[in-house]
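Contents: one structure, followed by commentary.
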Amino acid sequence: MSFIRILQGGLRMNVIEIKNLTKSYGKARGITDVSFNVEQGEIFGFIGPNGAGKSTTIRTLLALIYPTSGSATIFGKDCIEFGPEIRKEIGYLPSEIFYYDNMKVIDLLKYSASFYKKDCSTRIIELAEIMDLDLNKKIDDLSFGNKKKVGIVQGLLHSPKLIILDEPTSGLDPLMQQKFFELLEQENKNGATILLSSHILSEVQRLCSRVAIIKEGKIIKLEKISTLQESNHKKFKIEIKSKIDDNYFKITGVTNLEIKGNIISFLFSGNINFIMKKISEIEIDNLWIEEPDLEEIFMHYYEKED
Amino acid sequence: MNMFIHELKAYRKSTIIWTCSLIALVVLFLSLFPTFSKEAEAFKEIMKGFPEPVRKAMGLSVESMSSILGFYSYMFLYTTLCGAIQAMNLGTSIVSKEVRGKTADFLLTRPVTRRAVITSKLLAALTCLVITNVIYLAVASIMASSVATEKYNYKIFFMISITLFFVQLMFLALGILVSILIPKIKSVLPISLGTVFSFFIIGMFVATSEDDAARYITPFKYFDTTYIQSNSSYEGSFIIVGLGFIAFAILASYYLYSKKDVHAA
């Protein structure tokens with residue numbers, strides 16, 4: 001299936017093509033045989049738990065580390081050999097932001113802009129306004145979230161054709177996350193291709209059209225987000241007033257059912273109205289409905305594969 | 001060009017401080033010369049009291065101490081020590097600070113080659129050293145002519161003084177190579193001070209022995225001030241070995257840095 005999809009993808013121009021990329025560090029860390037393509041103009045999600053190899057893949061694309069075997073091309077050019085040329089059109093936001101502490105925000109941004117042969121000063125001011133960033137503060141004095149904002153402005157100021165984001169939202173408050181996503185959607189509309197790595201499913205779901213799921217250094221699934229959403233799971237936790245029949249929630253769509261005293265928890269996928277009606281028929285004390293974390297989704301994938 | 005200017009700005013303060021220290025050192029030492037030359041005979045007597053190896057290790061040469069060039073040669077050992085620390089610090093920190101400050105990700109995801117990064121940093125470091133040397137030389141020259149009691153050969157004075165730059169180049173190259181070889185340098189000072197003082201102490205031992213080959217071990221012994229004074233020239237073989245070492249260290253640094261994996265913070 002995924003092979004056919006890759007072939008179909010080939011009809012549109014691929015901005016990123018990763019072929020059997022392997023990076024071994026001797027021990028367990030690293031990536032094995034990673035292959036996927038990112039098409040022009042799409043927002044591609046790259047998800048997996050911490051330490052699965054997302055950053056390793058991205059760092060190889062940026063030629064920060066060199067692959068043990070396999071290769072990757074960006075804009076049709078080898079990412080190691082033509083690294084400097086390719087990076088003219090790449091905006092990168094690392095997961096942790098570190099800049100020269102004794103510089104002012106504006107000086108750092110100007111320094112960053114000086115690497116690209118175009119005038120970025122108006123874009124810097126525009127972006128800083130959107131992200132509500134004070135340009136005259138010292139980097140050293142910024143909070144984690146504000147440093148992240150500097151990173152965002154720095155990553156976008158040269159209007160790159162490819163934006164690579166490595167867990168971009170950590171540290172941003174919900175309002176800023178919202179603004180940032182709008183900014184990304186705008187950039188995407190203007191033609192930028194985006195590779196978004198994350199371990200937060202909801203943000204990937206919101207932005208991306210396709211995702212690659214990586215676990216322990218291997219791509220375990222390449223999927224359209226719409227397909228993923230069909231199997232959208234919700235995590236329910238219910239505190240009941242009085243004991244009910246253990247089989248009350250044993251219905252289609254419910255998995256991982258657990259009953260501990262008066263706490264019932266399970267994963268549900270399917271028509272949400274149906275389960276809500278079912279819950280409304282019993283006396284409850286409290287109710288939690290959450291997005292399942294990625295591990296649970298992965299469990300789900302493994303179950304399907306077995 | 002932008003990286004070069006960025007590095008220059010980053011090292012402006014430290015270059016000013018090191019230059020001032022070197023100037024202070026030469027001004028202080030040379031201002032002692034008038035008193036010293038007046039009492040030269042008495043000093044010679046005291047110095048003769050020291051055992052020969054001690055005198056050699058400290059670079060004290062009883063005969064020449066009463067002339068300005070002899071006196072300057074003696075203090076110049078400490079100028080090169082100070083200058084070597086500056087150069088080694090500069091070399092060890094200028095590349096590794098990107099890893100320490102976790103800014104390597106930022107710098108290396110710009111559209112530049114690793115070669116260009118090293119070149120900019122190297123040129124910036126060289127510029128710092130040239131500035132230090134020019135100012136040092138100017139101040140030292142003025143100071144020497146104002147304290148000299150009789151005419152002296154300025155060419156020799158100049159020749160001795162610029163060996164500072166050569167020794168600094170060797171330590172700069174060594175520092176850069178070391179900083180690329182060691183995966184993660186938490187603190188620059190222990191490495192640079194440790195290395196420089198080791199070579200300095202080796203230099204002291206070498207001075208007490210008659211073995212000329214041992215002088216190749218430490219940059220502090222590449223330029224023998226007595227030889228320069230009596231021959232008005234440097235020893236060619238040391239210049240060649242020195243240049244060879246610098247070229248090797250720089251080329252190896254370029255090569256290793258281009259191949260290096262830059263890991264996440």
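So you can find residues: chains in the structure tokens are A, B, ... in the order shown, residues in each start at 1, and ligands are numbered from 1 in order.
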
* **Selection: 12 Å around Phe82 (chain A), only C-alpha atoms, excl. self and same-chain fewer than 2 positions, as a list in words** =>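 Listed by chain and then number, they are Leu61, Leu62, Ala63, Ala72, Thr73, Ile74, Phe75, Gly76, Lys77, Asp78, Cys79, Ile80, Pro84, Glu85, Ile86, Arg87, Lys88 and Glu89 of chain A; Pro111, Val112 and Thr113 of chain B.
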
* To do: Just need the residues of chain A within 10 Å of chain B, counting only C-alpha atoms, so spit them out as JSON, numbers by chain.
  => {"A": [55, 56, 59, 60, 62, 63, 64, 65, 66, 67, 82, 83, 84, 85, 86, 87, 88, 89, 90, 91, 92, 93, 94, 95, 96, 97, 98, 99, 100, 101, 102, 103, 111, 112, 113, 114, 115, 116, 151, 154, 155]}

* **Residues within 12 Å of Val211 (chain A), only C-alpha atoms, excluding chain neighbours under 3 positions, as number ranges by chain** => A: 2, 36-39, 42-48, 194-199, 201, 203-208, 214, 219-229

Selection from above, C-alpha atoms, as a PDB file, in the first residue's frame, can you write it?
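Saved file result_18.pdb follows:
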ATOM      1  CA  SER A   2       2.541   2.526   1.100  1.00  0.00           C
ATOM      2  CA  PHE A  36       9.898   8.683   2.946  1.00  0.00           C
ATOM      3  CA  ASN A  37       9.177  11.595   0.670  1.00  0.00           C
ATOM      4  CA  VAL A  38       7.743  15.019   1.358  1.00  0.00           C
ATOM      5  CA  GLU A  39       5.868  16.516  -1.560  1.00  0.00           C
ATOM      6  CA  GLU A  42       2.421  19.766   1.803  1.00  0.00           C
ATOM      7  CA  ILE A  43       2.662  19.882   5.546  1.00  0.00           C
ATOM      8  CA  PHE A  44       4.206  16.596   6.487  1.00  0.00           C
ATOM      9  CA  GLY A  45       4.074  15.302  10.024  1.00  0.00           C
ATOM     10  CA  PHE A  46       6.863  13.274  11.526  1.00  0.00           C
ATOM     11  CA  ILE A  47       5.762  11.713  14.753  1.00  0.00           C
ATOM     12  CA  GLY A  48       7.183   9.368  17.284  1.00  0.00           C
ATOM     13  CA  ILE A 194       6.728  22.058   5.902  1.00  0.00           C
ATOM     14  CA  LEU A 195       8.211  19.108   7.760  1.00  0.00           C
ATOM     15  CA  LEU A 196       6.863  19.091  11.283  1.00  0.00           C
ATOM     16  CA  SER A 197       8.305  16.721  13.819  1.00  0.00           C
ATOM     17  CA  SER A 198       6.373  16.245  17.000  1.00  0.00           C
ATOM     18  CA  HIS A 199       5.281  13.809  19.636  1.00  0.00           C
ATOM     19  CA  LEU A 201      -0.577  14.039  17.903  1.00  0.00           C
ATOM     20  CA  GLU A 203      -0.882  19.470  16.559  1.00  0.00           C
ATOM     21  CA  VAL A 204       0.144  17.109  13.812  1.00  0.00           C
ATOM     22  CA  GLN A 205      -3.505  16.271  13.188  1.00  0.00           C
ATOM     23  CA  ARG A 206      -4.391  19.897  12.973  1.00  0.00           C
ATOM     24  CA  LEU A 207      -1.733  20.909  10.456  1.00  0.00           C
ATOM     25  CA  CYS A 208      -0.546  17.961   8.471  1.00  0.00           C
ATOM     26  CA  ILE A 214       8.780   6.484  13.620  1.00  0.00           C
ATOM     27  CA  ILE A 219       9.360   4.094  10.106  1.00  0.00           C
ATOM     28  CA  ILE A 220       6.434   1.951  11.130  1.00  0.00           C
ATOM     29  CA  LYS A 221       3.682   3.749   9.272  1.00  0.00           C
ATOM     30  CA  LEU A 222       3.277   6.240   6.469  1.00  0.00           C
ATOM     31  CA  GLU A 223      -0.276   7.450   6.504  1.00  0.00           C
ATOM     32  CA  LYS A 224      -2.651  10.150   5.337  1.00  0.00           C
ATOM     33  CA  ILE A 225      -3.891  12.078   8.310  1.00  0.00           C
ATOM     34  CA  SER A 226      -7.499  11.476   7.221  1.00  0.00           C
ATOM     35  CA  THR A 227      -6.943   7.746   7.534  1.00  0.00           C
ATOM     36  CA  LEU A 228      -5.424   8.253  10.920  1.00  0.00           C
ATOM     37  CA  GLN A 229      -8.393  10.291  12.010  1.00  0.00           C
TER      38      GLN A 229
END

Set out as a tab-separated table a contact list for region 27-127 of chain B and region 216-237 of chain B with a cut-off of 10 Å, giving each residue of region 27-127 of chain B that qualifies its closest atom pair and distance in Å to one decimal, counting only C-alpha atoms, ordered by chain and rising residue number.
residue	atom	partner	partner_atom	distance
B:Gly59	CA	B:Thr225	CA	9.7
B:Ser61	CA	B:Thr226	CA	9.1
B:Ser64	CA	B:Thr226	CA	9.0
B:Leu69	CA	B:Gln229	CA	8.0
B:Gly70	CA	B:Thr226	CA	8.2
B:Tyr72	CA	B:Thr225	CA	9.6
B:Ser73	CA	B:Thr225	CA	6.1
B:Tyr74	CA	B:Thr225	CA	8.6
B:Phe76	CA	B:Thr225	CA	9.1
B:Leu77	CA	B:Phe220	CA	7.8
B:Thr80	CA	B:Phe220	CA	7.4
B:Leu81	CA	B:Phe220	CA	7.9
B:Ala84	CA	B:Phe220	CA	8.8

* Using DSSP on the backbone coordinates, identify the residues of region 80-299 of chain A assigned to strand (DSSP E or B); present them as an MDAnalysis selection string. => chainID A and resid 90:93 104 138 162:166 193:198 210:215 218:224 233:240 254:260 263:269 284:290

* If you run DSSP over the backbone, which residues in region 95-194 of chain A end up alpha helix (DSSP H)? Put them as number ranges by chain. => A: 105-113, 121-130, 144-156, 174-189

* Residues near Ser67 (chain B), cut-off 10 Å, only C-alpha atoms, skip fewer than 2 positions along chain, as a count of residues only -> 17

List the spatial neighbours of Leu169 (chain B) as an mmCIF file with C-alpha atoms, in the first residue's frame - criterion: any atom at most 8 Å away, only C-alpha atoms, same-chain residues fewer than 5 positions off excluded.
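Written file, around37.cif:
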data_model
loop_
_atom_site.group_PDB
_atom_site.id
_atom_site.type_symbol
_atom_site.label_atom_id
_atom_site.label_comp_id
_atom_site.auth_asym_id
_atom_site.auth_seq_id
_atom_site.Cartn_x
_atom_site.Cartn_y
_atom_site.Cartn_z
ATOM 1 C CA ALA B 87 46.601 32.322 21.705
ATOM 2 C CA LEU B 126 44.594 35.921 13.466
ATOM 3 C CA ILE B 246 51.035 25.080 11.989
#

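Distance-wise, CA of Ile282 (chain A) and CA of Phe268 (chain A) end up 17.4 Å apart.
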
* **Nearest to Met276 (chain A), chosen from A:Gly261, A:Thr255, A:Lys54, A:Phe249, with only C-alpha atoms counted in the distances** => A:Phe249

* Asked: Do you know which residues are at most 12 Å from Tyr255 (chain B) counting only C-alpha atoms, after dropping those on the same chain fewer than 5 positions away, and could you put them as a PyMOL selection string?
  -> chain B and resi 114-115+118+177+180-181+248-250+260

Those residues you just picked out, can you put them in a file as a PDB file, in the first residue's frame with C-alpha atoms?
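As a result, out.pdb now contains:
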ATOM      1  CA  ARG B 114      32.077  24.124   7.480  1.00  0.00           C
ATOM      2  CA  ARG B 115      35.237  25.264   5.722  1.00  0.00           C
ATOM      3  CA  ILE B 118      36.663  27.594  10.185  1.00  0.00           C
ATOM      4  CA  LEU B 177      43.152  21.227  16.705  1.00  0.00           C
ATOM      5  CA  ILE B 180      38.156  19.793  17.520  1.00  0.00           C
ATOM      6  CA  LEU B 181      39.703  16.545  18.733  1.00  0.00           C
ATOM      7  CA  PHE B 248      49.494  20.390   9.705  1.00  0.00           C
ATOM      8  CA  ALA B 249      47.332  21.456  12.641  1.00  0.00           C
ATOM      9  CA  ILE B 250      45.237  23.832  10.529  1.00  0.00           C
ATOM     10  CA  LYS B 260      32.455  15.831  12.384  1.00  0.00           C
TER      11      LYS B 260
END
